[in-house]
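Enquirer: For reference, this is my_file-v1.txt, and it has compact mmCIF, C-alpha atoms.
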```
# COMPACT_ATOMS: atom_id res chain seq x y z
CA GLY A 1 -21.18 -0.98 15.66
CA THR A 2 -24.90 -1.19 14.91
CA TYR A 3 -27.49 1.16 13.46
CA SER A 4 -31.15 1.41 12.60
CA ASP A 5 -32.62 2.67 9.38
CA TRP A 6 -35.90 3.65 11.08
CA ASP A 7 -36.21 7.43 10.77
CA PRO A 8 -37.51 9.13 13.96
CA TYR A 9 -37.94 12.43 12.14
CA GLN A 10 -40.36 11.12 9.54
CA GLY A 11 -42.46 8.82 11.73
CA SER A 12 -45.83 7.98 10.26
CA THR A 13 -47.01 5.05 12.34
CA SER A 14 -47.01 3.98 15.95
CA ASP A 15 -47.69 0.33 15.24
CA PRO A 16 -44.52 -1.77 15.74
CA ASN A 17 -46.16 -4.58 13.76
CA ASP A 18 -46.77 -2.48 10.67
CA PHE A 19 -43.97 -3.49 8.27
CA THR A 20 -45.52 -2.36 5.01
CA ASP A 21 -43.21 -0.61 2.58
CA ALA A 22 -44.76 2.71 3.47
CA TYR A 23 -43.74 2.40 7.09
CA LYS A 24 -40.74 0.09 6.88
CA TYR A 25 -38.20 2.83 7.47
CA THR A 26 -40.31 5.38 9.27
CA TYR A 27 -41.46 3.78 12.49
CA VAL A 28 -40.75 6.01 15.48
CA GLY A 29 -38.99 4.18 18.31
CA LEU A 30 -37.48 0.70 18.13
CA THR A 31 -39.05 -1.96 20.31
CA SER A 32 -36.18 -4.48 20.15
CA ALA A 33 -32.42 -4.48 19.71
CA ASP A 34 -33.04 -7.18 17.12
CA LEU A 35 -34.12 -4.40 14.78
CA CYS A 36 -30.61 -2.94 14.89
CA LYS A 37 -28.35 -3.93 12.01
CA THR A 38 -24.61 -4.60 12.09
CA CYS A 39 -22.66 -1.80 10.45
CA PRO A 40 -21.52 -2.97 6.98
CA ALA A 41 -17.90 -3.28 5.87
CA GLY A 42 -16.41 -0.02 4.64
CA LYS A 43 -18.57 1.95 7.08
CA TYR A 44 -18.60 2.80 10.78
CA CYS A 45 -21.54 3.37 13.11
CA GLN A 46 -21.84 5.34 16.35
CA GLY A 47 -24.82 5.98 18.59
CA GLY A 48 -27.16 3.96 16.40
CA GLU A 49 -26.94 6.54 13.61
CA ALA A 50 -26.83 5.68 9.90
CA PRO A 51 -23.51 4.26 8.60
CA LEU A 52 -20.81 6.66 7.43
CA ASP A 53 -17.79 5.98 5.20
CA CYS A 54 -14.63 4.78 6.89
CA SER A 55 -11.88 7.42 6.62
CA ALA A 56 -9.40 7.26 3.75
CA GLY A 57 -6.29 5.35 4.82
CA TYR A 58 -8.30 2.78 6.81
CA ILE A 59 -10.31 -0.37 6.26
CA CYS A 60 -13.45 -0.74 8.38
CA GLU A 61 -14.68 -4.26 8.94
CA SER A 62 -18.30 -5.14 9.60
CA GLY A 63 -19.34 -3.68 12.96
CA ALA A 64 -16.72 -0.90 13.06
CA THR A 65 -17.28 1.79 15.68
CA THR A 66 -14.78 4.41 14.52
CA ALA A 67 -13.78 5.98 11.20
CA THR A 68 -10.09 5.37 11.95
CA PRO A 69 -9.74 1.88 13.44
CA GLU A 70 -6.22 1.01 14.54
CA SER A 71 -6.86 -2.67 15.27
CA THR A 72 -9.45 -5.39 14.76
CA SER A 73 -10.74 -4.71 18.29
CA SER A 74 -12.08 -1.38 17.04
CA GLY A 75 -13.38 -2.89 13.82
CA GLY A 76 -10.58 -2.60 11.27
CA THR A 77 -6.99 -1.63 10.51
CA PRO A 78 -4.94 1.06 8.80
CA CYS A 79 -4.45 0.48 5.07
CA PRO A 80 -1.53 -1.98 4.67
CA THR A 81 1.86 -1.10 3.21
CA GLY A 82 2.12 -1.27 -0.56
CA HIS A 83 -1.50 -0.18 -0.93
CA TYR A 84 -3.86 2.78 -0.61
CA CYS A 85 -7.43 2.90 0.67
CA GLU A 86 -9.95 5.53 -0.38
CA ALA A 87 -12.80 6.47 1.95
CA GLY A 88 -15.37 3.71 2.37
CA THR A 89 -13.34 1.04 0.61
CA ILE A 90 -13.75 -2.61 1.56
CA LEU A 91 -10.45 -3.86 0.13
CA PRO A 92 -7.09 -2.08 -0.23
CA THR A 93 -5.87 -1.14 -3.71
CA LYS A 94 -2.35 -2.19 -4.62
CA CYS A 95 0.00 0.61 -5.67
CA PRO A 96 0.46 0.76 -9.46
CA GLU A 97 3.26 -1.17 -11.15
CA GLY A 98 6.58 0.46 -10.40
CA LYS A 99 5.32 2.26 -7.31
CA GLY A 100 5.04 1.34 -3.65
CA ARG A 101 4.46 2.56 -0.12
CA ALA A 102 6.64 1.73 2.88
CA THR A 103 4.22 2.74 5.67
CA PRO A 104 0.56 1.90 6.35
CA GLY A 105 -2.25 4.40 5.97
CA GLY A 106 -2.05 5.30 2.27
CA GLN A 107 -5.15 7.30 1.28
CA ALA A 108 -4.82 7.75 -2.48
CA GLU A 109 -2.75 6.62 -5.46
CA SER A 110 -0.66 9.76 -5.04
CA ASP A 111 0.61 8.29 -1.75
CA CYS A 112 2.46 5.62 -3.75
CA VAL A 113 5.97 6.65 -4.81
CA GLU A 114 8.50 5.43 -7.37
CA CYS A 115 9.94 2.13 -6.19
CA THR A 116 13.45 2.71 -7.42
CA GLY A 117 13.66 6.36 -6.42
CA ASP A 118 13.70 9.64 -8.29
CA PRO A 119 15.59 9.21 -11.59
CA THR A 120 16.48 12.91 -11.70
CA VAL A 121 19.02 12.41 -8.87
CA LEU A 122 21.34 10.88 -11.46
CA ASN A 123 20.98 13.67 -13.99
CA GLY A 124 24.42 14.74 -15.21
CA ARG A 125 26.12 11.77 -13.54
CA ASP A 126 28.10 9.09 -15.31
CA THR A 127 26.61 5.95 -13.77
CA THR A 128 29.51 3.85 -15.05
CA LYS A 129 31.96 5.59 -12.69
CA LEU A 130 31.82 5.27 -8.92
CA GLU A 131 33.58 8.60 -8.42
CA ASP A 132 30.74 10.31 -10.30
CA LEU A 133 28.21 9.02 -7.76
CA ILE A 134 29.84 10.68 -4.74
CA GLY A 135 27.54 13.05 -2.89
CA ILE A 136 24.27 11.53 -4.11
CA ASP A 137 21.54 11.07 -1.51
CA ASP A 138 21.05 7.35 -1.96
CA SER A 139 18.70 6.85 1.02
CA LYS A 140 15.80 6.08 -1.34
CA LEU A 141 17.80 4.36 -4.06
CA GLY A 142 18.84 0.76 -4.57
CA ARG A 143 15.42 -0.74 -4.08
CA PHE A 144 12.52 -2.16 -6.08
CA CYS A 145 8.94 -3.16 -5.37
CA ARG A 146 7.33 -6.54 -4.97
CA SER A 147 3.54 -6.39 -4.58
CA GLY A 148 3.83 -2.69 -3.75
CA ASN A 149 6.33 -3.20 -0.91
CA PHE A 150 9.91 -1.95 -1.04
CA GLU A 151 12.73 -4.49 -1.06
CA PRO A 152 16.49 -3.94 -1.38
CA CYS A 153 17.97 -4.55 -4.80
CA PRO A 154 19.30 -8.13 -4.86
CA ARG A 155 22.96 -9.07 -5.01
CA GLY A 156 24.22 -9.53 -8.54
CA MET A 157 21.96 -6.73 -9.76
CA TYR A 158 21.43 -2.98 -9.60
CA CYS A 159 18.17 -1.03 -9.51
CA GLN A 160 18.51 2.10 -11.56
CA PRO A 161 16.02 4.84 -10.62
CA GLY A 162 13.06 4.85 -12.98
CA ASN A 163 13.40 1.18 -13.96
CA THR A 164 10.69 -1.15 -12.70
CA ASP A 165 12.81 -4.30 -12.38
CA PRO A 166 16.37 -4.97 -11.16
CA THR A 167 19.02 -5.11 -13.88
CA PRO A 168 21.55 -7.97 -13.79
CA CYS A 169 25.23 -7.04 -13.68
CA PRO A 170 26.71 -7.95 -17.07
CA SER A 171 28.84 -11.02 -17.64
CA GLY A 172 32.38 -10.51 -16.39
CA THR A 173 31.27 -8.40 -13.42
CA TYR A 174 29.76 -9.13 -10.00
CA ASN A 175 28.06 -7.37 -7.11
CA ASP A 176 28.05 -9.01 -3.70
CA GLN A 177 26.00 -6.34 -1.92
CA GLU A 178 22.29 -5.53 -1.75
CA GLY A 179 20.85 -2.08 -2.39
CA LYS A 180 22.92 -0.93 -5.37
CA TYR A 181 21.55 1.42 -8.00
CA ALA A 182 24.10 1.92 -10.80
CA ILE A 183 26.12 -0.23 -13.18
CA ALA A 184 29.22 1.26 -11.58
CA HIS A 185 28.47 -1.00 -8.60
CA CYS A 186 29.10 -4.04 -10.81
CA THR A 187 32.79 -4.76 -10.24
CA LYS A 188 35.03 -6.42 -12.81
CA CYS A 189 35.85 -9.98 -11.81
CA PRO A 190 39.53 -10.83 -11.24
CA ASP A 191 41.45 -12.38 -14.11
CA GLY A 192 40.91 -16.12 -14.22
CA ALA A 193 37.75 -16.05 -12.07
CA LEU A 194 34.63 -17.88 -13.19
CA CYS A 195 32.29 -15.00 -13.80
CA ASP A 196 30.67 -15.60 -17.17
CA GLN A 197 26.98 -15.16 -16.40
CA ASP A 198 24.80 -12.09 -16.05
CA GLY A 199 23.66 -11.34 -12.51
CA THR A 200 26.67 -12.79 -10.70
CA ALA A 201 26.75 -12.10 -6.99
CA TYR A 202 29.88 -14.06 -6.11
CA TYR A 203 32.60 -15.17 -8.53
CA THR A 204 34.49 -18.46 -8.32
CA ASP A 205 38.30 -18.50 -8.32
```
Re-express the file's structure as structure tokens.
Expert:
Amino acid sequence: GTYSDWDPYQGSTSDPNDFTDAYKYTYVGLTSADLCKTCPAGKYCQGGEAPLDCSAGYICESGATTATPESTSSGGTPCPTGHYCEAGTILPTKCPEGKGRATPGGQAESDCVECTGDPTVLNGRDTTKLEDLIGIDDSKLGRFCRSGNFEPCPRGMYCQPGNTDPTPCPSGTYNDQEGKYAIAHCTKCPDGALCDQDGTAYYTD
């Protein structure tokens, strides 16, 4: 987790007390561990060699000893969910608006995916009819992103693929389940029920 910027291959003095600019980085042989520097954030150091960039998908803290730290004990962590980390970064970058990442270790913006799923899965489907949604792979539907992290679509709403934010069920309908993705999941309230607001999760008899 430390390094020295003295260069043993370009040594031009043997005087450990000579700290002029000409010799500052070229003295051959360190005389004290105090001359070693802590590896900076975003880098890792091994064997006293010059710092190298932390691997993409990871964040190296000051003093890191490996390019792929899995915990703070090794000087860092994998890039957190909802973010990506390019090589040598000090801070994670949040996935762009409308995109997220469910697992740690994102390396580039391309590792962030559409929050609400692929809108093409509904091509040719009538999203107002439940029977027209049969057979759809909905494993990655019915969700949205908050700060780059996936969350199930709230009750009273549906999260249509391609839309950034949840859409409230219209007045006169309700949805008492999370994770829905089409207006067909908004059910008409029974006659006489109090159900006159958009985004109703539970109606009142």
Enquirer: Here is a test: counting all atoms listed in the file, which residue of A:Cys54, A:Ala182, A:Ala64, A:Ala108 is nearest to Asp138 in chain A?
Expert: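 Among the listed residues, A:Ala182 lies closest to Asp138 in chain A.
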Enquirer: Using all atoms listed in the file, which of A:Gly75, A:Ser55, A:Asp137, A:Val121 sits nearest Gly106 in chain A?
Expert: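 Closest to Gly106 in chain A, using all atoms listed in the file: A:Ser55.
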Enquirer: What is the CA of Glu109 in chain A-CA of Ala87 in chain A distance in Å, reported with one decimal?
Expert: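 CA of Ala87 in chain A lies at a distance of 12.5 Å from CA of Glu109 in chain A.
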Enquirer: Between CA of Asp205 in chain A and CA of Lys129 in chain A, what distance in Å does the model show, to one decimal?
Expert: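 Taking CA of Asp205 in chain A and CA of Lys129 in chain A, their separation equals 25.3 Å.
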Enquirer: What's the separation between CA of Ser147 in chain A and CA of Ile183 in chain A, in Å to one decimal place?
Expert: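 Atom-to-atom, CA of Ser147 in chain A and CA of Ile183 in chain A are spaced 24.9 Å apart.
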Enquirer: Determine the nearest neighbour of Thr103 in chain A from the options A:Gly148, A:Gly142, A:Pro40, A:Gly124, counting only C-alpha atoms.
Expert: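 Closest to Thr103 in chain A, using only C-alpha atoms: A:Gly148.
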Enquirer: List the neighbours of Tyr203 in chain A out to 10 Å using all atoms listed in the file; skip same-chain residues closer than 3 positions along the sequence, and give me the result as a count of residues only.
Expert: 13
Enquirer: Quick one: of A:Gly135, A:Gly179, A:Pro80, A:Gly48, who's nearest to Pro154 in chain A, counting only C-alpha atoms?
Expert: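 Of A:Gly135, A:Gly179, A:Pro80, A:Gly48, the one nearest Pro154 in chain A is A:Gly179, counting only C-alpha atoms.
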Enquirer: From the options A:Gly82, A:Pro170, A:Gly57, A:Gly47, which residue's atoms come nearest to Gly98 in chain A, counting only C-alpha atoms?
Expert: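 Between A:Gly82, A:Pro170, A:Gly57, A:Gly47, the residue approaching Gly98 in chain A most closely is A:Gly82.
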Enquirer: May I ask which of the residues A:Pro166, A:Gly105, A:Gly192, A:Pro161 is the closest one to Cys85 in chain A, counting all atoms listed in the file?
Expert: A:Gly105
Enquirer: For Leu133 in chain A, work out the shell of residues within 9 Å, counting only C-alpha atoms and skipping chain neighbours fewer than 5 positions away, then give it as a list in words.
Expert: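 Near Leu133 in chain A, the qualifying residues are Leu122, Arg125, Asp126, Thr127, Ala182 and Ala184 of chain A.
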Enquirer: Kindly save the residues from that selection, with C-alpha atoms included, as an mmCIF file, in the coordinates of the input.
Expert:
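Printed below is selection-v6.cif as written:
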```
data_model
loop_
_atom_site.group_PDB
_atom_site.id
_atom_site.type_symbol
_atom_site.label_atom_id
_atom_site.label_comp_id
_atom_site.auth_asym_id
_atom_site.auth_seq_id
_atom_site.Cartn_x
_atom_site.Cartn_y
_atom_site.Cartn_z
ATOM 1 C CA LEU A 122 21.340 10.880 -11.460
ATOM 2 C CA ARG A 125 26.120 11.770 -13.540
ATOM 3 C CA ASP A 126 28.100 9.090 -15.310
ATOM 4 C CA THR A 127 26.610 5.950 -13.770
ATOM 5 C CA ALA A 182 24.100 1.920 -10.800
ATOM 6 C CA ALA A 184 29.220 1.260 -11.580
#
```
